[in-house]
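Novice: Structure supplied as query_21.csv; contents: CSV, C-alpha atoms.
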```csv
chain,number,residue,atom,x,y,z
A,1,MET,CA,0.0,0.0,0.0
A,2,ALA,CA,1.4,3.4,-1.0
A,3,LYS,CA,2.3,5.8,1.8
A,4,ARG,CA,0.5,9.1,2.2
A,5,ARG,CA,1.9,11.9,0.1
A,6,ALA,CA,2.7,15.4,1.4
A,7,ARG,CA,-0.7,16.9,1.0
A,8,GLU,CA,-2.4,13.8,2.3
A,9,LEU,CA,-0.4,14.3,5.5
A,10,GLY,CA,-1.5,17.9,5.7
A,11,LEU,CA,1.8,19.5,4.8
A,12,PRO,CA,0.9,23.1,3.7
A,13,PHE,CA,2.2,23.3,0.1
A,14,ASP,CA,0.9,26.2,-2.1
A,15,GLY,CA,-0.9,26.0,-5.4
A,16,GLU,CA,-3.6,24.0,-7.1
A,17,THR,CA,-2.4,20.6,-8.4
A,18,GLY,CA,-3.6,18.6,-11.4
A,19,GLN,CA,-5.8,15.5,-11.0
A,20,ASN,CA,-2.9,13.2,-10.0
A,21,ASN,CA,-0.5,15.8,-8.7
A,22,ALA,CA,2.1,14.3,-11.1
A,23,ILE,CA,4.0,15.2,-14.2
A,24,THR,CA,1.5,13.0,-16.1
A,25,ASP,CA,-1.2,15.7,-15.5
A,26,VAL,CA,0.4,17.4,-18.5
A,27,PRO,CA,-1.6,15.8,-21.4
A,28,GLY,CA,0.4,13.3,-23.3
A,29,VAL,CA,3.2,12.8,-20.8
A,30,GLU,CA,3.6,9.2,-19.7
A,31,VAL,CA,5.9,7.6,-17.1
A,32,GLY,CA,7.2,4.0,-16.8
A,33,TYR,CA,9.5,2.1,-14.6
A,34,ALA,CA,11.7,-0.9,-14.4
A,35,THR,CA,12.6,-1.6,-10.8
A,36,ILE,CA,15.5,-4.0,-10.1
A,37,SER,CA,15.6,-5.4,-6.6
A,38,ALA,CA,17.6,-8.6,-6.2
A,39,GLY,CA,20.5,-10.2,-4.4
A,40,LYS,CA,21.5,-10.7,-0.8
A,41,GLY,CA,20.4,-8.7,2.2
A,42,PRO,CA,22.2,-7.6,5.3
A,43,GLY,CA,24.6,-10.1,6.7
A,44,GLU,CA,24.5,-12.3,3.6
A,45,GLU,CA,27.2,-12.8,1.1
A,46,GLY,CA,26.8,-11.6,-2.5
A,47,PRO,CA,25.7,-8.4,-4.2
A,48,CYS,CA,22.6,-6.4,-3.3
A,49,VAL,CA,20.9,-4.9,-6.3
A,50,GLN,CA,18.7,-1.9,-5.8
A,51,THR,CA,18.5,0.1,-9.0
A,52,GLY,CA,16.4,0.6,-12.1
A,53,VAL,CA,15.3,2.8,-15.0
A,54,THR,CA,12.7,5.5,-15.3
A,55,ALA,CA,11.2,6.5,-18.7
A,56,ILE,CA,9.3,9.7,-19.5
A,57,HIS,CA,7.6,10.1,-22.9
A,58,PRO,CA,6.8,13.7,-23.6
A,59,ARG,CA,4.0,12.8,-26.0
A,60,GLY,CA,3.3,9.2,-25.1
A,61,ARG,CA,5.0,5.9,-25.9
A,62,ASP,CA,3.0,5.2,-29.0
A,63,ALA,CA,3.4,8.6,-30.7
A,64,THR,CA,5.6,8.9,-33.8
A,65,PRO,CA,8.8,10.6,-32.8
A,66,SER,CA,8.3,14.3,-32.8
A,67,TYR,CA,10.2,17.3,-31.5
A,68,VAL,CA,9.6,19.2,-28.3
A,69,PHE,CA,11.0,22.6,-27.5
A,70,ALA,CA,13.2,22.4,-24.5
A,71,GLY,CA,15.7,24.2,-22.3
A,72,LEU,CA,18.0,23.1,-19.5
A,73,HIS,CA,20.0,24.3,-16.6
A,74,ALA,CA,22.9,22.8,-14.7
A,75,LEU,CA,23.0,24.2,-11.2
A,76,ASN,CA,26.0,22.0,-10.4
A,77,GLY,CA,27.4,19.9,-13.2
A,78,ASN,CA,28.8,16.9,-11.4
A,79,GLY,CA,26.5,14.6,-13.3
A,80,GLU,CA,25.3,13.5,-16.8
A,81,MET,CA,22.5,14.3,-19.1
A,82,THR,CA,23.1,13.2,-22.7
A,83,GLY,CA,21.8,15.2,-25.6
A,84,ALA,CA,22.3,18.4,-23.5
A,85,HIS,CA,24.7,20.1,-26.0
A,86,TRP,CA,22.1,20.0,-28.8
A,87,ILE,CA,19.3,21.1,-26.5
A,88,ALA,CA,21.5,24.1,-25.4
A,89,ASP,CA,22.2,24.9,-29.0
A,90,ALA,CA,19.0,24.1,-30.9
A,91,GLY,CA,16.4,24.1,-28.2
A,92,TYR,CA,14.7,20.8,-28.8
A,93,PHE,CA,15.0,17.1,-28.6
A,94,CYS,CA,13.2,14.1,-30.1
A,95,SER,CA,13.2,11.0,-27.8
A,96,PRO,CA,12.0,9.6,-24.5
A,97,ILE,CA,13.9,10.7,-21.4
A,98,CYS,CA,15.4,7.9,-19.3
A,99,ILE,CA,16.9,8.2,-15.8
A,100,THR,CA,19.0,5.5,-14.2
A,101,ASN,CA,22.2,5.1,-12.2
A,102,THR,CA,25.6,6.7,-13.0
A,103,HIS,CA,27.2,3.5,-14.5
A,104,SER,CA,24.2,2.6,-16.6
A,105,VAL,CA,23.9,5.7,-18.8
A,106,GLY,CA,25.6,3.9,-21.8
A,107,MET,CA,23.2,0.9,-21.6
A,108,ALA,CA,20.2,3.2,-21.3
A,109,HIS,CA,21.4,5.3,-24.3
A,110,HIS,CA,22.1,2.3,-26.5
A,111,ALA,CA,18.8,0.5,-25.6
A,112,THR,CA,16.7,3.7,-26.0
A,113,VAL,CA,18.1,4.2,-29.6
A,114,LYS,CA,17.3,0.5,-30.4
A,115,TRP,CA,13.8,0.8,-28.9
A,116,MET,CA,13.1,3.8,-31.1
A,117,ILE,CA,14.4,2.1,-34.2
A,118,ASP,CA,12.4,-1.1,-33.4
A,119,ARG,CA,9.2,0.9,-32.8
A,120,HIS,CA,9.5,3.5,-35.6
A,121,PRO,CA,11.7,2.1,-38.4
A,122,GLU,CA,10.2,4.3,-41.1
A,123,PHE,CA,11.2,7.4,-39.2
A,124,PHE,CA,14.9,6.4,-39.4
A,125,GLU,CA,14.8,5.1,-42.9
A,126,ASN,CA,13.7,8.4,-44.4
A,127,ASP,CA,16.0,11.3,-44.8
A,128,HIS,CA,18.7,9.8,-42.6
A,129,ARG,CA,17.0,10.7,-39.4
A,130,PHE,CA,18.9,10.1,-36.2
A,131,VAL,CA,18.2,10.6,-32.5
A,132,MET,CA,20.3,11.7,-29.5
A,133,PRO,CA,18.3,10.3,-26.5
A,134,VAL,CA,18.1,12.3,-23.3
A,135,ILE,CA,19.6,10.0,-20.6
A,136,ALA,CA,20.3,11.2,-17.1
A,137,GLU,CA,21.7,9.7,-13.9
A,138,THR,CA,22.3,9.9,-10.2
A,139,TYR,CA,24.6,7.7,-8.2
A,140,ASP,CA,23.2,4.8,-6.2
A,141,GLY,CA,26.4,3.0,-5.2
A,142,ILE,CA,25.6,3.2,-1.4
A,143,LEU,CA,22.5,1.1,-1.8
A,144,ASN,CA,23.3,-0.8,-5.0
A,145,ASP,CA,26.0,-2.9,-6.5
A,146,ILE,CA,26.5,-0.2,-9.1
A,147,ASN,CA,29.8,-1.8,-10.4
A,148,GLY,CA,27.9,-5.0,-11.3
A,149,LEU,CA,26.2,-3.1,-14.2
A,150,HIS,CA,22.8,-4.8,-13.5
A,151,VAL,CA,20.7,-2.6,-15.8
A,152,SER,CA,20.2,-4.5,-19.1
A,153,GLN,CA,18.5,-3.6,-22.4
A,154,SER,CA,15.4,-5.5,-21.3
A,155,HIS,CA,15.1,-3.3,-18.3
A,156,VAL,CA,15.2,-0.1,-20.4
A,157,TYR,CA,12.6,-1.6,-22.7
A,158,GLU,CA,10.5,-2.5,-19.7
A,159,ALA,CA,10.5,1.1,-18.5
A,160,LEU,CA,9.8,2.5,-22.0
A,161,ASP,CA,7.0,0.0,-22.7
A,162,SER,CA,5.3,0.3,-19.3
A,163,ALA,CA,4.9,4.0,-19.4
A,164,ARG,CA,1.3,5.2,-18.9
A,165,PRO,CA,-0.6,8.4,-18.0
A,166,GLY,CA,-2.3,8.8,-14.7
A,167,PRO,CA,-1.0,8.2,-11.1
A,168,VAL,CA,2.8,7.8,-10.8
A,169,ALA,CA,4.4,5.6,-8.2
A,170,GLU,CA,7.1,7.2,-6.0
A,171,GLY,CA,9.9,6.3,-3.7
A,172,ASN,CA,11.9,3.0,-4.3
A,173,VAL,CA,10.9,2.7,-7.9
A,174,GLY,CA,12.6,2.9,-11.3
A,175,GLY,CA,15.9,4.8,-11.4
A,176,GLY,CA,15.1,6.1,-7.9
A,177,ASN,CA,15.2,2.6,-6.3
A,178,GLY,CA,18.7,3.1,-4.8
A,179,MET,CA,18.6,6.8,-4.0
A,180,ILE,CA,19.1,8.8,-0.7
A,181,THR,CA,18.1,12.3,0.1
A,182,TYR,CA,19.1,14.2,3.3
A,183,GLY,CA,20.2,10.9,4.8
A,184,PHE,CA,16.8,9.3,4.4
A,185,LYS,CA,15.7,6.8,1.7
A,186,ALA,CA,14.2,8.7,-1.2
A,187,GLY,CA,14.1,8.2,-5.0
A,188,SER,CA,11.4,9.1,-7.5
A,189,GLY,CA,8.9,11.9,-6.8
A,190,THR,CA,6.5,14.1,-8.7
A,191,SER,CA,4.0,17.0,-8.4
A,192,SER,CA,2.1,19.3,-10.6
A,193,ARG,CA,0.4,22.7,-10.7
A,194,THR,CA,-2.4,24.2,-12.8
A,195,LEU,CA,-2.0,27.7,-14.3
A,196,ASP,CA,-4.7,30.2,-15.3
A,197,ILE,CA,-3.1,32.7,-17.6
A,198,ASP,CA,-5.2,35.4,-19.1
A,199,GLY,CA,-8.2,33.1,-19.5
A,200,ALA,CA,-6.2,30.1,-20.7
A,201,ARG,CA,-5.6,27.1,-18.5
A,202,PHE,CA,-2.3,25.2,-18.6
A,203,THR,CA,-0.6,22.5,-16.5
A,204,LEU,CA,3.0,22.1,-15.3
A,205,GLY,CA,4.4,19.0,-13.8
A,206,VAL,CA,7.8,18.1,-12.3
A,207,PHE,CA,9.4,14.7,-11.9
A,208,VAL,CA,12.6,14.2,-9.8
A,209,GLN,CA,15.1,11.5,-9.1
A,210,SER,CA,16.2,12.7,-5.8
A,211,ASN,CA,19.6,11.8,-4.3
A,212,PHE,CA,21.3,14.6,-2.5
A,213,GLY,CA,21.7,16.6,0.7
A,214,LYS,CA,22.9,16.2,4.3
A,215,ARG,CA,20.5,15.5,7.2
A,216,GLN,CA,21.0,18.8,9.1
A,217,ASP,CA,20.0,20.8,6.1
A,218,LEU,CA,16.6,19.2,5.4
A,219,THR,CA,13.8,21.8,5.4
A,220,ILE,CA,10.1,21.1,4.8
A,221,CYS,CA,7.7,24.0,4.4
A,222,GLY,CA,10.1,26.3,6.1
A,223,VAL,CA,10.7,24.1,9.1
A,224,ALA,CA,14.3,22.9,9.8
A,225,VAL,CA,13.2,19.3,10.1
A,226,GLY,CA,16.7,17.7,9.7
A,227,GLN,CA,18.1,19.5,12.8
A,228,HIS,CA,15.4,17.7,14.9
A,229,MET,CA,16.3,14.2,13.6
A,230,PRO,CA,20.0,13.9,14.2
A,231,ASP,CA,19.8,10.5,15.8
A,232,ALA,CA,18.6,8.4,12.9
A,233,PRO,CA,21.4,6.8,10.8
A,234,ASP,CA,22.8,9.1,8.1
A,235,LEU,CA,25.6,7.7,5.9
A,236,ALA,CA,26.1,11.2,4.6
A,237,LEU,CA,27.4,12.3,8.0
A,238,SER,CA,30.5,10.2,7.5
A,239,SER,CA,31.8,12.9,5.3
A,240,ASP,CA,31.9,16.7,5.6
A,241,ASP,CA,31.1,16.9,1.9
A,242,GLU,CA,27.7,16.8,0.3
A,243,HIS,CA,27.5,13.9,-2.2
A,244,GLY,CA,24.7,12.9,-4.5
A,245,SER,CA,22.6,14.4,-7.3
A,246,ILE,CA,19.2,15.3,-8.5
A,247,ILE,CA,17.6,15.2,-11.9
A,248,ALA,CA,14.4,17.3,-12.3
A,249,VAL,CA,12.3,17.1,-15.4
A,250,VAL,CA,9.7,19.9,-15.9
A,251,ALA,CA,6.9,19.4,-18.4
A,252,THR,CA,4.2,21.8,-19.4
A,253,ASP,CA,1.6,22.2,-22.1
A,254,ALA,CA,2.0,26.0,-22.0
A,255,PRO,CA,3.5,27.2,-25.4
A,256,LEU,CA,7.1,28.2,-24.6
A,257,LEU,CA,10.1,28.8,-26.7
A,258,PRO,CA,13.6,27.3,-25.9
A,259,SER,CA,14.9,30.4,-24.3
A,260,GLN,CA,11.9,30.6,-22.1
A,261,LEU,CA,12.2,26.9,-21.1
A,262,SER,CA,15.8,27.4,-20.2
A,263,ARG,CA,14.7,30.1,-17.8
A,264,VAL,CA,12.0,27.8,-16.5
A,265,ALA,CA,14.5,25.0,-15.9
A,266,LYS,CA,16.6,27.5,-13.7
A,267,ARG,CA,13.6,27.9,-11.4
A,268,ALA,CA,13.8,24.2,-10.3
A,269,SER,CA,16.9,25.4,-8.4
A,270,LEU,CA,14.7,27.5,-6.2
A,271,GLY,CA,12.5,24.5,-5.3
A,272,LEU,CA,15.7,22.5,-4.5
A,273,ALA,CA,16.9,25.4,-2.2
A,274,ARG,CA,13.6,25.5,-0.3
A,275,THR,CA,14.2,21.9,0.8
A,276,GLY,CA,17.6,23.0,2.3
A,277,SER,CA,20.1,22.2,-0.5
A,278,PHE,CA,23.1,24.5,-1.3
A,279,ALA,CA,24.0,22.4,-4.4
A,280,GLY,CA,27.2,21.0,-3.0
A,281,ASN,CA,30.4,20.4,-5.0
A,282,GLY,CA,29.8,16.7,-5.2
A,283,SER,CA,26.2,17.0,-6.4
A,284,GLY,CA,25.0,16.9,-10.0
A,285,ASP,CA,21.9,19.1,-10.1
A,286,ILE,CA,20.6,19.1,-13.7
A,287,PHE,CA,17.2,20.3,-14.8
A,288,LEU,CA,15.4,19.9,-18.1
A,289,ALA,CA,12.2,21.7,-19.1
A,290,PHE,CA,10.1,20.9,-22.1
A,291,SER,CA,6.8,22.0,-23.7
A,292,THR,CA,4.4,19.7,-25.4
A,293,ALA,CA,2.7,22.6,-27.2
A,294,ASN,CA,3.4,23.3,-30.9
A,295,ALA,CA,3.1,19.6,-31.7
A,296,ALA,CA,2.5,20.3,-35.4
A,297,VAL,CA,5.9,22.0,-35.8
A,298,ASP,CA,8.4,19.6,-37.4
A,299,LEU,CA,11.7,21.3,-36.7
A,300,GLU,CA,13.5,19.2,-39.3
A,301,ASP,CA,10.9,19.6,-42.0
A,302,LYS,CA,12.3,21.3,-45.1
A,303,VAL,CA,10.3,24.5,-44.9
A,304,THR,CA,11.6,28.0,-45.0
A,305,VAL,CA,9.7,29.4,-42.0
A,306,HIS,CA,8.3,27.7,-39.0
A,307,ALA,CA,5.3,29.1,-37.2
A,308,ALA,CA,5.1,28.5,-33.4
A,309,GLN,CA,3.1,30.0,-30.5
A,310,ALA,CA,4.6,31.3,-27.3
A,311,LEU,CA,3.5,33.0,-24.1
A,312,ASP,CA,4.5,36.6,-23.8
A,313,ASP,CA,7.3,36.9,-21.3
A,314,ARG,CA,5.2,39.0,-18.9
A,315,HIS,CA,3.2,35.8,-18.1
A,316,LEU,CA,6.2,33.7,-17.2
A,317,ASP,CA,6.1,34.6,-13.5
A,318,HIS,CA,3.1,32.1,-13.2
A,319,VAL,CA,5.3,29.4,-14.7
A,320,TYR,CA,8.3,30.2,-12.6
A,321,LYS,CA,6.4,30.0,-9.4
A,322,ALA,CA,4.7,26.7,-10.4
A,323,THR,CA,8.1,25.2,-11.2
A,324,ARG,CA,9.6,26.2,-7.9
A,325,ASP,CA,6.7,24.9,-5.9
A,326,ALA,CA,6.2,21.7,-7.8
A,327,THR,CA,9.9,20.9,-7.6
A,328,GLU,CA,9.9,21.4,-3.8
A,329,GLU,CA,6.8,19.2,-3.4
A,330,ALA,CA,8.1,16.5,-5.7
A,331,ILE,CA,11.3,16.1,-3.6
A,332,ILE,CA,9.3,15.8,-0.4
A,333,ASN,CA,6.9,13.3,-2.0
A,334,ALA,CA,10.0,11.2,-3.0
A,335,LEU,CA,11.1,11.2,0.7
A,336,LEU,CA,7.6,10.4,2.1
A,337,ALA,CA,7.0,7.5,-0.3
A,338,ALA,CA,10.3,5.7,0.2
A,339,GLU,CA,10.9,2.5,2.2
A,340,THR,CA,13.9,1.7,4.4
A,341,SER,CA,16.9,0.1,2.6
A,342,PHE,CA,20.3,-1.3,3.6
A,343,SER,CA,23.6,-0.2,2.3
A,344,VAL,CA,26.1,-2.1,0.1
A,345,ARG,CA,29.1,0.0,1.1
A,346,PRO,CA,29.4,-0.2,4.1
A,347,LYS,CA,27.4,-3.5,4.2
A,348,GLY,CA,24.1,-3.6,6.0
A,349,VAL,CA,23.7,-0.1,7.4
A,350,ALA,CA,20.0,1.0,7.4
A,351,VAL,CA,19.1,4.0,5.3
A,352,PRO,CA,15.8,4.8,7.0
A,353,ALA,CA,12.6,6.0,5.5
A,354,ILE,CA,11.5,9.3,7.1
A,355,ASP,CA,9.1,8.7,10.0
A,356,HIS,CA,5.8,10.4,9.1
A,357,GLY,CA,4.5,10.6,12.6
A,358,ARG,CA,7.7,12.1,14.0
A,359,LEU,CA,7.8,14.5,11.0
A,360,LEU,CA,4.3,15.8,11.8
A,361,ASP,CA,5.2,16.2,15.5
A,362,ILE,CA,8.2,18.3,14.6
A,363,MET,CA,6.1,20.4,12.3
A,364,ASN,CA,3.3,20.6,14.8
A,365,ILE,CA,0.8,19.3,12.4
A,366,LYS,CA,-2.1,17.0,13.4
A,367,SER,CA,-2.3,14.0,11.0
A,368,ALA,CA,-5.0,14.5,8.4
```
If you took the structure in this file and wrote it as structure tokens, what would it be?

Specialist:
Amino acid sequence: MAKRRARELGLPFDGETGQNNAITDVPGVEVGYATISAGKGPGEEGPCVQTGVTAIHPRGRDATPSYVFAGLHALNGNGEMTGAHWIADAGYFCSPICITNTHSVGMAHHATVKWMIDRHPEFFENDHRFVMPVIAETYDGILNDINGLHVSQSHVYEALDSARPGPVAEGNVGGGNGMITYGFKAGSGTSSRTLDIDGARFTLGVFVQSNFGKRQDLTICGVAVGQHMPDAPDLALSSDDEHGSIIAVVATDAPLLPSQLSRVAKRASLGLARTGSFAGNGSGDIFLAFSTANAAVDLEDKVTVHAAQALDDRHLDHVYKATRDATEEAIINALLAAETSFSVRPKGVAVPAIDHGRLLDIMNIKSA
């Protein structure tokens, strides 16, 4: 049974969410997972595998490959997101997004290309089309035998094929299976906001693979929660450095151009900061924003002039605030959904799930 999410617990987050409070509230966006949990537990010999793959389809898994305008921002670049150079230059991409562990980027890239060729051979046979998939990562080597390279092509296919609209599982699922945030077990998380702009209604959603931070910095809705939970195990406390990463994917159906989406991606940084992060040197904090609007624009069609719609910049404040707020809530949802796991290095140390009851006591909130 899924744990209660932030709003279900009564945490006072701002803004109106979409139906599922998820990135899939943006029409067309689908999320799928392959979760790999195998091997030996605490005190047993052999590798413990806790990893996976997350797939996000901007316009659905069955759609013919099409381009989406996009922008990105690297708050701290100690991480990887493939395809980023072309997004920075051209402002678009044409592929699913996959998120996995640091050592499985190559497998996810190779398998995503093959999946696209298998599903849409005619796309690649005409006009020498090619694709540079967007593959991102965070490090799960504390909880997972990362050097065992357990992610296979079949796992990537499973994530891509299982993607659906609607509610999105959180916590120990997909690429988030082996992730830690502020010394607590975390992983995958999501949230959304609805926007009313000059009579038009749009949706913005955020998905995070959350794997960063030190316990004492954790802040929830302005409360320094981490300072009140120093006694729970925190593997991050064994070092003065902040290690880990976060990938945030921002999706919206609001019509935005690449330059605007780059500015939107920057605002995910503010949601990260509200949870207590200072984007430490060892962290890869990389954010991608894309718009599903302008679906009829084929950016590699041989026309002289493309016609696209875009919000006027004076309306972007609504989008910025939604990005900040949904990113913050997605991170907290990832924490609240997670289940306790045990470390690989060192062997058998518990990485606890955050205690909901204790959290509410610290925040002086009565359980909803």

Novice: Using only C-alpha atoms for the distances, tell me which of A:Ala2, A:Cys98, A:Cys48, A:Ala38 is nearest to Pro167 (chain A).

Specialist: A:Ala2

Novice: So the first atom is CA of Ile247 (chain A) and the second is CA of Asp298 (chain A); what is the distance between them in Å, to one decimal place?

Specialist: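 Between CA of Ile247 (chain A) and CA of Asp298 (chain A) the gap works out to 27.5 Å.
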
Novice: May I have the residues within 9 Å of Gln309 (chain A) as an NGL selection string, using all atoms listed in the file and disregarding those fewer than 6 positions away in the same chain?

Specialist: :A and (255-257 or 293-294)

Novice: Once you have the residues from the selection above, write them out as a short mmCIF file (atom, residue, chain, number, x, y, z; two decimals), keeping the file's coordinate frame, restricted to C-alpha atoms.

Specialist:
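Everything below was put into result23.cif:
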```cif
data_model
loop_
_atom_site.label_atom_id
_atom_site.label_comp_id
_atom_site.auth_asym_id
_atom_site.auth_seq_id
_atom_site.Cartn_x
_atom_site.Cartn_y
_atom_site.Cartn_z
CA PRO A 255 3.50 27.20 -25.40
CA LEU A 256 7.10 28.20 -24.60
CA LEU A 257 10.10 28.80 -26.70
CA ALA A 293 2.70 22.60 -27.20
CA ASN A 294 3.40 23.30 -30.90
#
```

Novice: Which residues are near Val249 (chain A)? Cut-off 7 Å, all atoms listed in the file, ignore same chain within fewer than 2 positions. Put them as a short mmCIF file (atom, residue, chain, number, x, y, z; two decimals) with C-alpha atoms, in the frame of the given file.

Specialist:
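See selection.cif below for the written result:
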```cif
data_model
loop_
_atom_site.label_atom_id
_atom_site.label_comp_id
_atom_site.auth_asym_id
_atom_site.auth_seq_id
_atom_site.Cartn_x
_atom_site.Cartn_y
_atom_site.Cartn_z
CA VAL A 206 7.80 18.10 -12.30
CA PHE A 207 9.40 14.70 -11.90
CA VAL A 208 12.60 14.20 -9.80
CA ILE A 247 17.60 15.20 -11.90
CA ALA A 251 6.90 19.40 -18.40
CA PHE A 287 17.20 20.30 -14.80
CA LEU A 288 15.40 19.90 -18.10
CA ALA A 289 12.20 21.70 -19.10
#
```

Novice: Within 7 Å of region 188-195 of chain A, counting only C-alpha atoms, which residues show up once you throw out same-chain ones fewer than 5 positions away? Write them as number ranges by chain, please.

Specialist: A: 15-18, 21-23, 25, 170-173, 176, 201-210, 318, 322, 326, 329-331, 333-334

Novice: At a cut-off of 10 Å, using all atoms listed in the file, what residues contact Leu218 (chain A)? Leave out same-chain residues fewer than 2 positions from it and give the result as a ChimeraX atom specification.

Specialist: /A:181-184,213-216,220,222-229,273-277,332

Novice: Suppose we keep C-alpha atoms; can you now write the selection as a CSV table (one decimal), in the coordinates of the input?

Specialist:
```csv
chain,number,residue,atom,x,y,z
A,181,THR,CA,18.1,12.3,0.1
A,182,TYR,CA,19.1,14.2,3.3
A,183,GLY,CA,20.2,10.9,4.8
A,184,PHE,CA,16.8,9.3,4.4
A,213,GLY,CA,21.7,16.6,0.7
A,214,LYS,CA,22.9,16.2,4.3
A,215,ARG,CA,20.5,15.5,7.2
A,216,GLN,CA,21.0,18.8,9.1
A,220,ILE,CA,10.1,21.1,4.8
A,222,GLY,CA,10.1,26.3,6.1
A,223,VAL,CA,10.7,24.1,9.1
A,224,ALA,CA,14.3,22.9,9.8
A,225,VAL,CA,13.2,19.3,10.1
A,226,GLY,CA,16.7,17.7,9.7
A,227,GLN,CA,18.1,19.5,12.8
A,228,HIS,CA,15.4,17.7,14.9
A,229,MET,CA,16.3,14.2,13.6
A,273,ALA,CA,16.9,25.4,-2.2
A,274,ARG,CA,13.6,25.5,-0.3
A,275,THR,CA,14.2,21.9,0.8
A,276,GLY,CA,17.6,23.0,2.3
A,277,SER,CA,20.1,22.2,-0.5
A,332,ILE,CA,9.3,15.8,-0.4
```
